[in-house]
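The block underneath contains the structure these notes are about, expressed in structure tokens.
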Amino acid sequence: MPGPGPRWPLPDRAAERRCLSPFVAGLRHPVRKPPPSFSETCMITLTSPWYAYARQSPDEPGGSLLPPPRLEWGTYPGTGPGTEAFVRDVRGRKLLELGCGAGRNAAYLAGREGAHVTAIDMIDLQIRRARDHYGHLPGVSFLTCDALRFLRHGTERFDGVYSVFGAVGLVDPDVLLPAIRARLNQHRPLVFSVPHPQRAGRRPALGRALTDFLALPDGTHRALARWEFDVPQWAATLAYAGFRLSRAQELKNPRHAHTPSTLLITARRL
């Protein structure tokens, strides 16, 4: 007699294969080059600054954990809004997180707010941590996947998309935002937080990526590209992709109230 079924949603392995395998029916590379092989995709991931960050970051004790007590958008816990950044109640809504890391925000939204969350990250180590700690929660699914591949090769539509220092700002917005719009229901929110373009004396980019450096726990730094726009630039870029800027908030260092650390953007799909 078969045993009882699982108490939580199993990982969607088919979705992961669609994300990571180059042998996807109808796959088109935007610059007409052959897509990377599976081994090349793995190598790209392993050499990513975010893989180094995940490997060096201390993990929480293994096993199931309770959902965190709060949704965090910034670098300083307890600052800024929570779910009100989505404008409307998320209970029962289908949400997509682009770049979930170890899954804390997805766990909060599913476990404490009753949302149905699909959370993706291209670093498999982070997804394994997320499943280990929060895979027991109903309503949340963690997938290893590149954001653009997930968006382009799926059909499911969502009631909200969010990114906390994730894909938004790290992927060319002229490419990423239209792909998000195609999977987002009309008039639903896109909410994302990015490093503030004026943090530590920096200046906003003018329509292009700037070189930033990711500080690793061992004290070293790894270079990466960021699109660091100010609010007017984000408003224009969002409008071009079919969104309307609803709200922009600066989250600041609580010890230095004059120093912005995070820019939080809420937009609505038109």
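How things are named: the first chain in the structure tokens is A, the next is B, and so on; residues count from 1 in each chain; ligands count from 1 in the order shown.
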
- Message: I'd like the neighbourhood of A:Ile127 as a list in words, where a residue qualifies if any of its atoms comes within 12 Å (using only C-alpha atoms), though same-chain residues fewer than 3 positions away should be ignored.
- Response: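 Listing them by chain and then by number gives Pro11, Glu16, Tyr51, Ala54, Gly99, Cys100, Gly101, Ala102, Gly103, Arg104, Ala106, Thr118, Ala119, Ile120, Asp121, Met122, Ile123, Asp124, Ala130, Arg131, Asp132, His133, Tyr134, Gly135, Ser141, Phe142, Leu143, Thr144 and Cys145 of chain A.
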
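Taking only stretch 41-202 of chain A, the residues that DSSP calls strand (DSSP E) from the backbone come to A:Lys94, A:Leu95, A:Leu96, A:Glu97, A:Leu98, A:His116, A:Val117, A:Thr118, A:Ala119, A:Ile120, A:Asp121, A:Val140, A:Ser141, A:Phe142, A:Leu143, A:Thr144, A:Gly160, A:Val161, A:Tyr162, A:Ser163, A:Val164, A:Pro189, A:Leu190, A:Val191, A:Phe192, A:Ser193, A:Val194, A:Pro195.
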
Write the residues of the preceding selection, restricted to C-alpha atoms, as a compact mmCIF listing (two decimals), in the first residue's frame.
```
# COMPACT_ATOMS: atom_id res chain seq x y z
CA LYS A 94 0.66 33.91 -7.09
CA LEU A 95 4.02 35.63 -6.68
CA LEU A 96 7.36 35.17 -8.43
CA GLU A 97 10.70 36.03 -6.82
CA LEU A 98 13.67 36.63 -9.14
CA HIS A 116 1.70 31.09 -3.40
CA VAL A 117 5.35 31.77 -4.22
CA THR A 118 7.63 30.49 -6.96
CA ALA A 119 11.17 31.48 -5.97
CA ILE A 120 14.08 31.08 -8.37
CA ASP A 121 17.82 31.56 -8.11
CA VAL A 140 6.33 27.82 -1.85
CA SER A 141 8.43 26.22 -4.58
CA PHE A 142 12.17 26.78 -5.03
CA LEU A 143 13.76 26.32 -8.47
CA THR A 144 17.34 26.57 -9.73
CA GLY A 160 3.09 39.93 -8.54
CA VAL A 161 6.81 39.79 -9.28
CA TYR A 162 9.48 40.94 -6.86
CA SER A 163 13.25 41.07 -6.60
CA VAL A 164 15.36 41.91 -3.54
CA PRO A 189 2.77 44.99 -9.21
CA LEU A 190 6.47 44.63 -9.88
CA VAL A 191 8.39 45.46 -6.70
CA PHE A 192 12.16 45.52 -6.48
CA SER A 193 14.95 46.82 -4.31
CA VAL A 194 18.39 47.72 -5.62
CA PRO A 195 21.46 49.33 -4.07
```

- Kindly indicate which residue among A:Leu71, A:Gln56, A:Arg255, A:Pro260 lies nearest to A:Arg202, using only C-alpha atoms for the distances.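 The shortest atom-to-atom distance to A:Arg202 comes from A:Pro260.
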
- Could you name the residues that touch A:Ala52 at 10 Å or less, counting only C-alpha atoms, but leaving out those on the same chain fewer than 3 positions away, as a list in words?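 Final neighbour list, sorted by chain and number: Thr45, Leu46, Thr47, Ser48, Pro49, Arg55, Gln56, Ser57, Ile123, Leu214, Leu216, Pro217, Asp218 and Arg222 of chain A.
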
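When only C-alpha atoms are used to compute distances to A:Pro204, the closest of the residues A:Arg149, A:His258, A:Arg93, A:Arg226 turns out to be A:Arg226.
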
- Closest of A:Arg157, A:Arg208, A:His187, A:Arg199 to A:Arg88 - atom-to-atom distances counting only C-alpha atoms: A:His187

- Item | Selection: 9 Å around A:Tyr108, only C-alpha atoms, excl. self and same-chain fewer than 5 positions, as a list in words |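 Contacts, with the query itself left out: Leu66, Pro67, Pro68, Pro69, Arg70, Leu71, Gly103, Glu113 and Gly114 of chain A.
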
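Atom pair atom CA of A:His221 / atom CA of A:Thr75: separated by 17.7 Å.
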
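Here atom CA of A:Thr266 and atom CA of A:Phe229 stand 14.4 Å from one another.
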
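Proximity of A:Gly82, A:Pro197, A:Gly74, A:Gly242 to A:Ile180, computed with only C-alpha atoms, is greatest for A:Gly242.
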
- Query: In Å, with one decimal, what is the gap from atom CA of A:Leu177 to atom CA of A:Leu238?
  - Reply: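 Distance between the two atoms: 7.2 Å.
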
- Query: Which residue gives the smallest distance to A:Arg244 among A:Phe158, A:Ala209, A:Arg269, A:Arg91, with only C-alpha atoms counted?
  - Reply: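 Closest to A:Arg244, using only C-alpha atoms: A:Arg269.
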
- Message: Would you pick out the contacts of A:Gly207 at 9 Å or less, using only C-alpha atoms, so that residues sharing its chain but fewer than 3 positions from it are not included, and give the list as a list in words?
- Response: Trp227, Glu228, Phe229, Gln233 and Thr237 of chain A

- Enumerate as a PyMOL selection string all residues of stretch 25-268 of chain A assigned to alpha helix (DSSP H) by DSSP on the backbone, naming them with the chain letters and numbers the document uses. chain A and resi 38-46+49-56+104-111+124-134+147-152+173-183+231-240
